[in-house]
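The next block holds one structure in the form of structure tokens; read it before the comments.
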Amino acid sequence: MKAMRSVVVMARPAVAGEVKTRLAEAFGERLALAVYRLMLRRTLRRVARGPWSTVVAVAPSAGQRRRHRFRGFATMAQSGSDLGERMSNAFAAMPPGPVVVVGTDIPGLRRQHISRAFRALERHEAVFGPALDGGYWLVGLAPGLRDAGIFSPVRWSTRHALADTLENIPTACATALIGTLGDVDTAQDVERWLRGLHPR
């Protein structure tokens, strides 16, 4: 019998001023919130129906006292002082088996990417989806690597994030890379995304 497969979606409550702050600088908080909500819905819809369990890991919110609910999904609270700690804790909270973690700001994410990641984990200890900015939009780990401390030290939110993480993986472990995708953090990213939706 195959071990349980788990997908964790790292998300924030949809609260104006707390999501897509770089977008808000260009477009205002209301439009940034609308973009975030759209990407969140698309992400959850695309990962929901695969042969795996899906959990939404929710970041704490200063603007919302009660626990945010994601209808139809199991949730857990994010914990940790930086993205690395939050992802490490999310991996540790999952049941035994391969785990894939994704964010909510990758418009190009498809269910097939998740399937490819789990297939890669049948032959590798780690799998990454590189992002255009030097980070990564997906990370998957086999059970043996989930407590290996690969998320520190990493220069998060820089072009070095993927390279730093790969450097932390033990040399005996096999690593796979799947397709490079772009995330949406800036006004230029939004323009690129919209051009893809409505090509000339």
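Labels used: A, B, ... for chains in the order of the structure tokens, numbers from 1 for residues in each chain, and numbers from 1 for ligands as shown.
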
### Task
Return as an NGL selection string the full set of residues in segment 86-187 of chain A whose backbone-based DSSP assignment is strand (DSSP E).
:A and (99-102 or 126-130 or 136-141 or 175-177)

Per residue of segment 74-155 of chain A within 8 Å of segment 166-175 of chain A, what are the shortest atom pair and its distance in Å to one decimal, counting only C-alpha atoms, with rows by chain and residue number, as a tab-separated table?
```
residue	atom	partner	partner_atom	distance
A:Arg123	CA	A:Ala174	CA	7.8
A:His124	CA	A:Ala174	CA	4.8
A:Glu125	CA	A:Ala174	CA	5.5
A:Ala126	CA	A:Thr175	CA	4.8
A:Val127	CA	A:Thr175	CA	5.6
A:Phe128	CA	A:Thr175	CA	7.8
A:Ala148	CA	A:Ile169	CA	7.8
A:Gly149	CA	A:Asn168	CA	7.7
A:Ile150	CA	A:Asn168	CA	4.9
A:Phe151	CA	A:Asn168	CA	7.4
A:Ser152	CA	A:Asn168	CA	7.4
A:Pro153	CA	A:Asn168	CA	7.8
```

Could you give me, as a CSV table (one decimal) with C-alpha atoms, in the first residue's frame, the residues within 8 Å of segment 92-106 of chain A, counting only C-alpha atoms and dropping anything in the same chain fewer than 3 positions from it?
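The file below, out.csv, is the result:
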```csv
chain,number,residue,atom,x,y,z
A,3,ALA,CA,2.1,5.9,1.8
A,4,MET,CA,-0.3,8.9,2.1
A,5,ARG,CA,0.5,11.8,-0.1
A,6,SER,CA,0.0,15.3,1.3
A,7,VAL,CA,-0.1,18.7,-0.3
A,8,VAL,CA,0.2,21.8,1.9
A,9,VAL,CA,-0.9,25.2,0.6
A,10,MET,CA,0.9,28.1,2.4
A,11,ALA,CA,-1.7,30.8,2.6
A,36,TYR,CA,-4.7,37.6,-4.0
A,39,MET,CA,-4.9,33.4,-7.1
A,40,LEU,CA,-5.9,31.7,-3.9
A,43,THR,CA,-4.7,27.5,-6.5
A,87,MET,CA,7.7,25.3,5.9
A,88,SER,CA,9.8,23.1,8.1
A,89,ASN,CA,7.0,23.0,10.7
A,109,LEU,CA,0.4,26.1,-11.3
A,114,ILE,CA,1.7,18.3,-8.3
A,117,ALA,CA,6.3,16.3,-8.1
A,118,PHE,CA,5.0,13.1,-6.4
A,121,LEU,CA,9.6,11.7,-5.1
A,137,TRP,CA,7.2,27.8,-6.1
A,138,LEU,CA,7.1,24.2,-5.0
A,139,VAL,CA,9.1,22.0,-2.7
A,140,GLY,CA,8.5,18.3,-2.1
A,141,LEU,CA,10.3,16.0,0.3
A,142,ALA,CA,10.4,12.3,0.9
A,143,PRO,CA,9.9,11.2,4.5
A,146,ARG,CA,11.7,16.1,6.2
A,147,ASP,CA,13.7,16.7,9.3
A,181,LEU,CA,7.2,29.2,-13.4
A,182,GLY,CA,6.7,32.9,-12.6
A,183,ASP,CA,5.1,34.2,-9.4
A,184,VAL,CA,3.1,37.4,-8.9
A,185,ASP,CA,4.7,39.9,-6.5
```

### Task
Measure the distance from atom CA of Gly129 of chain A to atom CA of Ile178 of chain A in Å and round it to one decimal.
5.1 Å

6 Å contact set for segment 68-84 of chain A, only C-alpha atoms, chain neighbours under 6 positions out, as a compact mmCIF listing (two decimals) with C-alpha atoms, in the first residue's frame:
```txt
# COMPACT_ATOMS: atom_id res chain seq x y z
CA VAL A 55 -4.18 21.04 3.93
CA VAL A 56 -4.14 24.85 3.98
CA ALA A 57 -1.46 26.20 6.33
CA VAL A 58 -2.76 29.61 7.41
CA ALA A 59 -0.47 32.45 8.50
CA PHE A 151 15.52 25.44 5.03
```
